[in-house]
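Below is one structure, written out as structure tokens, with a few remarks after it.
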Amino acid sequence: MIDKIKKLPGGVKFMLSMAVVYLIAIFVDKSFVLSSFNKFVQTLIELLPILVLVFGVIFIVNIFLNPETIKKHLGHDSGLKGWFYASLGSVLIVSPPYVIFPLLGQLKKHGMKYSLMAVFLGNRNVQPAFLPVMVYYFGLPFTVVISVYILIFSVLSGIVMGRVMEENDLVKMA
Amino acid sequence: MKKAFQKTLETLKISLPIIIGILMLISIINPLFEKYYPKIFTGNYFIDPLIGAVAGSISFGIPIASYVTGGELLKEGVSLLAVTAFILAWSTVGVMFMPLEISNLGKKFAIWRNSLNFISSIIIAILTIITLKIIL
């Protein structure tokens with residue numbers, strides 16, 4: 001039993017631990033827990049149509065996106081195109097951190113610039129698949145404004161990281 | 001098509017339990033803390049995003065989870081400044097994942113990138129709120 005629980009993904013463990021918290025708390029204050037649970041169910045029902053939309057968009061992106069294409073354009077001689085593909089890859093690839101870092105580590109071995117890695121990691125908030133949820137909670141003007149700033153700052157961060165990591169030397173060495 | 005469906009299903013399998021867990025956590029925590037939010041988040045242009053960025057930096061996850069968390073906190077009275085910095089830091093600064101980032105991309109890169117993104121999340125939050133105030 002313990003082995004089975006250990007093998008569960010982190011997210012499932014987190015969800016189950018929350019269920020345990022609710023079960024324990026019910027012995028302390030039943031009406032409080034019931035009211036919290038009602039609030040949880042209500043919020044989840046409100047969010048469900050947006051989540052369906054989100055995963056629909058992810059599915060469409062997955063049909064058209066080929067990670068190999070992104071990989072091909074992120075080498076040390078990628079130039080301006082590389083910045084574009086780093087942004088595009090970051091915006092379109094929906095993955096948790098434990099997938100992203102090893103993926104970038106692999107791309108680094110293939111010559112991906114540090115500046116492009118910084119751009120890739122800085123743009124993760126502008127993922128079209130997730131934007132409906134942002135619009136739902138914060139509104140369209142907020143989503144547009146913050147997305148523009150994120151894109152600008154990711155490029156700035158890429159430039160700074162390129163300088164910090166002395167990219168020119170790296171390119172010469174590669 | 002089948003591959004795309006499987007990939008999407010995998011993302012769903014990872015994301016959905018996290019979203020459900022977060023909604024459960026917020027639903028039980030918010031009633032306990034909501035009365036303190038107005039005292040902590042006063043609308044200060046530096047303190048609010050700083051608190052938000054620190055809170056967001058602890059984890060590093062899929063952005064959708066931060067939107068749900070931030071959106072629910074906003075409904076309960078946490079300032080937009082703090083929530084904005086929170087969602088930005090959540091997906092770009094990851095203290096918990098530093099060892100993984102260091103092992104894959106190097107120590108210097110990880111420290112500099114996280115520090116830079118932490119500062120950026122505060123600046124972007126301030127700029128976003130100021131811009132919204134001007135245009136709306």
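Labeling convention for the structure tokens: chains A, B, ... as they appear, residues from 1 per chain, ligands from 1 in order of appearance.
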
Q) Counting only C-alpha atoms, which residues of chain A come no farther than 6 Å from chain B, as a ChimeraX atom specification? A) /A:11-12,15,36,40,59,62-63,96,101-102,105,122,125,130,134,137,146

Put those residues in a file: N, CA and C atoms, as a CSV table (one decimal), in the first residue's frame.
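Result written to selection38.csv:
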chain,number,residue,atom,x,y,z
A,11,GLY,N,1.3,15.4,-8.1
A,11,GLY,CA,0.0,16.1,-8.1
A,11,GLY,C,-1.1,15.3,-7.4
A,12,VAL,N,-1.1,13.9,-7.7
A,12,VAL,CA,-2.1,13.1,-7.1
A,12,VAL,C,-1.9,13.0,-5.6
A,15,MET,N,-3.2,16.1,-4.1
A,15,MET,CA,-4.7,16.1,-4.0
A,15,MET,C,-5.2,15.1,-2.9
A,36,SER,N,-16.5,24.8,3.3
A,36,SER,CA,-15.3,24.9,2.4
A,36,SER,C,-15.4,23.9,1.3
A,40,PHE,N,-15.4,24.7,-2.7
A,40,PHE,CA,-14.5,24.0,-3.6
A,40,PHE,C,-15.3,23.4,-4.8
A,59,PHE,N,-4.5,20.2,-27.1
A,59,PHE,CA,-4.6,19.1,-28.1
A,59,PHE,C,-4.3,19.6,-29.5
A,62,ASN,N,-0.7,20.3,-29.8
A,62,ASN,CA,0.1,19.1,-29.9
A,62,ASN,C,0.0,18.4,-31.3
A,63,ILE,N,-1.1,18.6,-32.0
A,63,ILE,CA,-1.2,18.1,-33.3
A,63,ILE,C,-0.2,18.7,-34.3
A,96,PRO,N,5.6,20.4,-17.3
A,96,PRO,CA,6.1,20.7,-15.9
A,96,PRO,C,7.6,20.9,-15.8
A,101,PHE,N,13.5,21.3,-17.6
A,101,PHE,CA,14.9,21.5,-17.3
A,101,PHE,C,15.7,20.4,-18.0
A,102,PRO,N,15.3,19.1,-17.9
A,102,PRO,CA,16.1,18.1,-18.6
A,102,PRO,C,16.0,18.3,-20.2
A,105,GLY,N,18.4,21.0,-20.8
A,105,GLY,CA,19.8,20.5,-20.6
A,105,GLY,C,20.2,19.7,-21.9
A,122,GLY,N,11.5,32.4,-19.5
A,122,GLY,CA,10.8,33.7,-19.1
A,122,GLY,C,9.4,33.8,-19.7
A,125,ASN,N,4.6,32.2,-19.1
A,125,ASN,CA,3.2,32.6,-18.7
A,125,ASN,C,2.4,33.0,-19.9
A,130,PHE,N,-3.3,28.3,-21.8
A,130,PHE,CA,-3.7,28.7,-20.5
A,130,PHE,C,-4.4,30.0,-20.4
A,134,MET,N,-6.6,32.7,-17.5
A,134,MET,CA,-6.2,34.1,-17.1
A,134,MET,C,-7.2,35.1,-17.4
A,137,TYR,N,-10.2,34.8,-14.9
A,137,TYR,CA,-9.9,35.4,-13.6
A,137,TYR,C,-9.6,36.9,-13.6
A,146,ILE,N,-0.1,42.2,-19.6
A,146,ILE,CA,0.9,41.4,-18.9
A,146,ILE,C,1.7,40.5,-19.9

Q: List every residue of segment 16-108 of chain A that DSSP, applied to the backbone of this structure, places in helix (DSSP H, G or I), and write the result as a ChimeraX atom specification.
A: /A:16-25,30-64,67-72,79-92,97-108

Q) Which polymer residues have any atom within 9 Å of an atom of Ile159 of chain A, counting only C-alpha atoms, with same-chain residues fewer than 2 positions away left out, as a count of residues only? A) 12

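Among the candidates A:Gly158, A:Pro141, A:Pro128, A:Gly10, the one nearest to Gly56 of chain A when counting only C-alpha atoms is A:Pro128.
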
Q.
With only C-alpha atoms as the counted atoms, please give the residues lying no more than 9 Å from Val61 of chain A, apart from itself and same-chain residues fewer than 4 positions off, as a list in words.
A.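 Selected residues are Gly56, Val57, Leu65, Leu92, Ile93 and Ala129 of chain A; Ala4 of chain B.
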
Q: Find the residue from B:Val78, B:Ile122, B:Leu73, B:Ile40 that sits nearest to Ser57 of chain B; use only C-alpha atoms when measuring.
A: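 Under the stated criterion, the closest residue is B:Ile122.
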
Q) Suppose you want the space between atom CA of Ile58 of chain B and atom CA of Val20 of chain A; what is it in Å? A) 23.1 Å

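For the pair atom CA of Ile130 of chain B and atom CA of Ile111 of chain B, the separation is 29.1 Å.
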
Q | Atom pair atom CA of Pro49 of chain B / atom CA of Ala85 of chain B: separation (Å) | A | 5.1 Å
